[in-house]
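Data first, discussion second: the structure below is written as structure tokens.
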Amino acid sequence: MAFLSSLFKKESSVLGIDIGSSAIKVVQIKKKRGRAVLETYGELSLGPYAGVEVGRSVSLQPDKLVAALKDILRESKTTTTSCGAALPLSASLITFISIPPVPDKQVGDVVNIEARKYIPVPLSEVLLDYSIIPKEDSYAGEGNAAEKQAKDVLVVAIHNDFINQYQSVMSGSGLQPSFYEIEIFSSIRAVVDQGVATVMVLDMGARTTKIYIIEHGMLRSSHIISKGSQDITLALSKALSITVAEAETLKRTSGLKGGPEYKELSEIITVNLDYIFYEANAALLNYQKKYSKNVSKIILTGGGVLLRGFTDLAKISFQTDVIYADPFGKLETPAFLANEFAEAGPEFAVAIGAALRRLSELE
Ligand SMILES: Nc1ncnc2c1ncn2[C@@H]1O[C@H](COP(=O)(O)OP(=O)(O)OP(=O)(O)O)[C@@H](O)[C@H]1O
Ligand SMILES: [Mg+2]
């Protein structure tokens, strides 16, 4: 009687929490008639908590983070403490290793031994997680029989100290996360449809730009580019002799569509984006060559991609299909706000993905 029991199941709301380097995003959803329904969402810039401008990345002390988190929960009128939380990619070490073809239940032991070669601290200091990459997605390039029989495994390590610090921020804010996961995995759930195609997600945040290559919904490669959207703001401020706050506003309002009087503006922005696209392209071409796979689409996430004219430039640079992530499309949302959700989508990919996992835990 699964149908009846689900009819009478209490409706429970859950939160997804994404603490980025420049802003916190929260999303609250609940399950109704088998659909994930959006209840509330919100975003808060962290710059002001460190005495700097909106849009800048900061490293906040735990007490300041707790204050910010409490503020955004209150402002968004969230009504639950049950949540899933995303951890920054920069806090983790991700490696792809090849191990001999042992039975699946022995993989954990082998990974523990092999991981020592890649992880620069004692394994007792990290939380280690792994998943086996399904064979058909696995090494498809050239190689001898032994290489083809080997198991490819994705290994993720996060330092215990980092998790402990996050835990104290969460509990200090009254939140009860049932899991922590690296932001990549939240994003994948929210923006990549399970399919055969190989896609790349490009997440342009404030401090860095992260790129992930995904096949069959499985992470196959990740890369951090050390330039983000705040670099554009800082370059504009310097070159045009305006304050950082003015530069941030100019970036957000004009972007690459400022008209001829902003020739200088678009040149400065383009130089910064070209660097990022060059690096991303190099990683993409390298992957395509190594695995003889074609990346069919680039999905844009993160606040930085909201820059006006971003997709046009990206399409020219990548010579492939480039689209905005639409994580709100995974949720039931009020139709009259469709435009707002389409615009906010890229920024909320991580928070929505974390919320979706928390919701699926209740099933
Ligand atoms: N409309 C816009 N046009 C251009 N840039 C924007 C716009 N809105 C936000 N940004 C920029 O996006 C950045 C924030 O993006 P996001 O919230 O994804 O970063 P984050 O998650 O805090 O950072 P990270 O992922 O690096 O930790 C800021 O630098 C901000 O200036
Ligand atoms: Mg982010």
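In the structure tokens, the first chain shown is A, the next is B, and so on; residue numbers restart at 1 for each chain, and ligands run from 1 in the order shown.
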
Find the spatial neighbours of Val110 of chain A, counting only C-alpha atoms, within a cut-off of 10 Å - ignore same-chain residues fewer than 6 positions away - and output them as an MDAnalysis selection string.
-> chainID A and resid 99:100 102

C-alpha atoms of the current selection, written as an mmCIF file, in the first residue's frame:
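What ended up in out30.cif:
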data_model
loop_
_atom_site.group_PDB
_atom_site.id
_atom_site.type_symbol
_atom_site.label_atom_id
_atom_site.label_comp_id
_atom_site.auth_asym_id
_atom_site.auth_seq_id
_atom_site.Cartn_x
_atom_site.Cartn_y
_atom_site.Cartn_z
ATOM 1 C CA ILE A 99 42.688 0.075 -9.255
ATOM 2 C CA PRO A 100 43.044 -3.618 -10.153
ATOM 3 C CA VAL A 102 38.953 -6.605 -7.361
#

From a DSSP calculation on the backbone, collect every residue of segment 80-289 of chain A in strand (DSSP E) and output the set as a VMD selection string.
-> chain A and resid 82 to 87 92 to 99 126 to 132 151 to 159 176 to 182 198 to 204 209 to 215 218 to 225

Using only C-alpha atoms and all ligand atoms, what are the residues with an atom within 8 Å of ligand 2, set out as a short mmCIF file (atom, residue, chain, number, x, y, z; two decimals) with C-alpha atoms, in the first residue's frame?
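See pocket05.cif below for the written result:
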data_model
loop_
_atom_site.label_atom_id
_atom_site.label_comp_id
_atom_site.auth_asym_id
_atom_site.auth_seq_id
_atom_site.Cartn_x
_atom_site.Cartn_y
_atom_site.Cartn_z
CA ASP A 18 25.31 26.86 0.12
CA ILE A 19 27.92 29.01 1.84
CA GLY A 20 29.89 30.52 -1.03
CA SER A 21 32.96 32.72 -0.70
CA SER A 22 30.92 35.87 -1.38
CA ALA A 23 27.32 34.93 -0.62
CA PRO A 88 33.30 24.26 -1.14
CA GLU A 183 29.20 21.55 -3.98
CA ASP A 203 30.53 27.73 -12.12
CA MET A 204 31.79 31.30 -12.01
CA GLY A 205 31.82 32.43 -8.40
CA ALA A 206 33.40 35.47 -6.81
CA GLY A 302 27.28 30.83 -10.36
CA GLY A 303 26.59 34.54 -10.00
CA GLU A 347 23.18 31.23 -8.56
CA VAL A 350 24.17 24.34 -5.38
#

Which parts of segment 176-319 of chain A does DSSP call helix (DSSP H, G or I) when run on the backbone here, written out as a PyMOL selection string?
-> chain A and resi 183-191+229-239+244-253+260-291+303-306+310-318

Among A:Leu44, A:Ala280, A:Ala85, A:Val153, Ile17 of chain A is approached most closely, using only C-alpha atoms, by A:Ala85

Would you list the contacts of Leu234 of chain A as a list in words, taking every protein, DNA or RNA residue within 10 Å and counting only C-alpha atoms, but skipping same-chain residues closer than 2 positions in sequence?
->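 Those residues are Arg56, Ser229, Gln230, Asp231, Ile232, Leu236, Ser237, Lys238, Ala239, Ile242, Thr243, Val244, Ala245, Ala247 and Glu248 of chain A.
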